[in-house]
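I have placed the structure first, in the form of structure tokens, so that the comments after it can refer back to it.
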Amino acid sequence: MPDPIHIAGAVAVSAAVTWALRALPFAALAPLRSSATVHFLGARMPVGVMVILAVYTLHDTRATAYAPTALSLAATIGLHLWKRNPVLSILGGTAVHVLLTSVVFAQSW
């Protein structure tokens with residue numbers, strides 16, 4: 001059976017490491033709050049993410065899926081220009097794409 005002092009030491013070290021790992025992100029964020037680079041990336045990243053999603057969607061598009069993909073991409077761009085809300089744009093465009101591919105342009109096998 002291990003020595004109680006050894007067990008207490010192991011628990012203390014584990015608790016200290018756990019506490020430090022949980023506190024580290026908050027300590028690292030403090031100087032970044034006033035950073036111009038972080039503010040620049042915060043303003044540009046939603047559009048960057050949407051561009052990456054659009055390119056990924058269009059990369060493997062087959063000829064039979066051009067219409068629903070183009071319409072859902074137009075809906076996504078329209079929602080983003082209208083509301084300027086990335087979450088609404090992405091979810092709305094995804095919903096339009098699922099609706100179009102499942103109902104409107106569904107192929108019967």
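Chains: A, B, ... in order of the structure tokens. Residues: from 1 per chain. Ligands: from 1, in order shown.
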Leaving out Leu73 of chain A and any residue of its chain fewer than 3 positions from it, which residues lie within 9 Å of it when counting only C-alpha atoms, given as a list in words?
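Skipping anything fewer than 3 positions along the chain leaves Ala54, Pro68, Thr69, Ala70, Thr76, Ile77, Gly78, Gly93, Thr94, Val96 and His97 of chain A.
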May I ask which of the residues A:Pro31, A:Val17, A:Ala12, A:Thr101 is the closest one to Tyr66 of chain A, counting only C-alpha atoms?
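When distances to Tyr66 of chain A are compared using only C-alpha atoms, the smallest one comes from A:Thr101.
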Please provide as a list in words all residues within 9 Å of Ala95 of chain A, with the sequence filter that same-chain residues fewer than 5 positions apart are discarded (counting only C-alpha atoms).
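Residues meeting the cut-off are Ser72, Ile90 and Leu100 of chain A.
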Rounded to one decimal place, report the atom CA of Pro86 of chain A-atom CA of Val47 of chain A distance in Å.
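Distance reported for this atom pair: 7.7 Å.
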Have a look at atom CA of Pro46 of chain A and atom CA of Ala75 of chain A and let me know their distance in Å, one decimal.
16.5 Å
Atom CA of Arg33 of chain A and atom CA of Thr18 of chain A are how many Å apart?
24.3 Å
